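Have a look at the structure below, then the notes.
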Amino acid sequence: MFGNSDVVRSNNVKESPVRILLVIDHPYEGSYSRALADAAIRGATSAGHDVDVIDLDLDDFDPVVRRADLGAWREGRTVDPRAEEYQDRLAAADHLVLVHPVWWEVMPARLKGFFDKVLVPGFAYTESRVGTLQGRLGLTGVTLVTTMTTPGPLYRLWFGAPVHRVVARGVFGQLGVPRVRWVNHSRVAEVSPARRARWLTALERRFATLPEPSDRARERAARRTAARPAARHPAA
């Protein structure tokens, strides 16, 4: 099992590996979410990509935006050292992978807090006078990997797939990330062990064949990264 600040690399080194940041939010070490995260890591490293793993539970990440956090947010700063560390690791990534269960139709609290405390103005975006966002992340893609007990058709048709809407449209769509993919695993408590095994194999294969960003995509991401202010964390 991965640790809270692991960078996993393969001996199959590429000249331009995809730099993947995998963020997992699940408190139980034996969860299927963690098995999926392991499968994604195996696939990515087998293809020669670099994987940096953030485990929000092992880090005991505090998701609450407190008064000091909000004051800093308004100034484009970060006061939580852990959130600042996450910013540095996110800034180094080409592709972000989010792995978590769906609780009450959305993500657990720590991952929501990751969005609130890490993706702050000045680092992740600037805002125009009319309220539109100009993304500054250097990501060329995001993959959302979820588990749920709800049947998939019910989640999509009745609830409107809120977790996908939040991640694909509400967060990374607004930040200009060009590709957001959702890989969902529904009714995980009821499916057979054979199906669970097939899902793990499929996810491992997906990351083993993860396409490398095109030169144009890397150039666009580099321009967004270069647009960040030189001093991300000015003095108060």
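Naming works like this for the structure tokens: A, B, ... for the chains as they're shown, residue 1 at the start of each chain, ligands 1 onward in shown order.
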
Using only C-alpha atoms, determine which residues lie at most 12 Å from Glu127 of chain A, disregarding the query and same-chain residues fewer than 4 positions distant; provide the list as a ChimeraX atom specification. /A:74,76,120-123,131-136,174-175

Could you pull out the residues in segment 20-60 of chain A that DSSP calls alpha helix (DSSP H) from the backbone, as a PyMOL selection string? chain A and resi 32-46

Between A:Arg77, A:His185, A:Lys112, A:Arg67, which one has atoms that come closest to Ile24 of chain A, using only C-alpha atoms?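 Result for the nearest residue to Ile24 of chain A: A:Lys112.
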
Here is a test: counting only C-alpha atoms, which residue of A:Arg110, A:Arg195, A:Arg206, A:His49 is nearest to Thr143 of chain A?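 Ranking A:Arg110, A:Arg195, A:Arg206, A:His49 by distance to Thr143 of chain A, first place goes to A:Arg206.
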
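Of the listed residues (A:Ala40, A:Val166, A:Val53, A:Leu58), A:Val166 comes nearest to Glu105 of chain A; the distances count only C-alpha atoms.
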
May I ask which of the residues A:Asp52, A:Glu29, A:Asp59, A:Asp116 is the closest one to Trp73 of chain A, counting only C-alpha atoms?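 Distance minimum relative to Trp73 of chain A lands on A:Asp116.
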
Write out as a VMD selection string the residues lying within 6 Å of Gly43 of chain A, counting only C-alpha atoms and excluding same-chain residues fewer than 2 positions away. chain A and resid 40 to 41 45 to 46 204 to 205 207 to 208

Just checking: using only C-alpha atoms, which residue out of A:Ser16, A:Ala194, A:Trp104, A:Gly113 ends up closest to Pro63 of chain A?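 For Pro63 of chain A, the nearest of the candidates is A:Gly113.
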
Identify, on the basis of only C-alpha atoms, every residue whose closest approach to Trp199 of chain A does not exceed 12 Å; exclude the query and any residue fewer than 2 positions from it along the same chain; express the result as a ChimeraX atom specification. /A:32-33,35-37,39-40,145-147,183-186,188,191-197,201-206

If we count only C-alpha atoms and set the cut-off at 10 Å, which residues sit around Ala68 of chain A, ignoring sequence neighbours fewer than 3 positions away in its own chain? Please answer as a VMD selection string. chain A and resid 65 71 to 73 78 to 80

Taking only C-alpha atoms into account, which of A:Ala47, A:Met107, A:Ala83, A:Ala189 comes nearest Ala161 of chain A?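 Between A:Ala47, A:Met107, A:Ala83, A:Ala189, the residue approaching Ala161 of chain A most closely is A:Met107.
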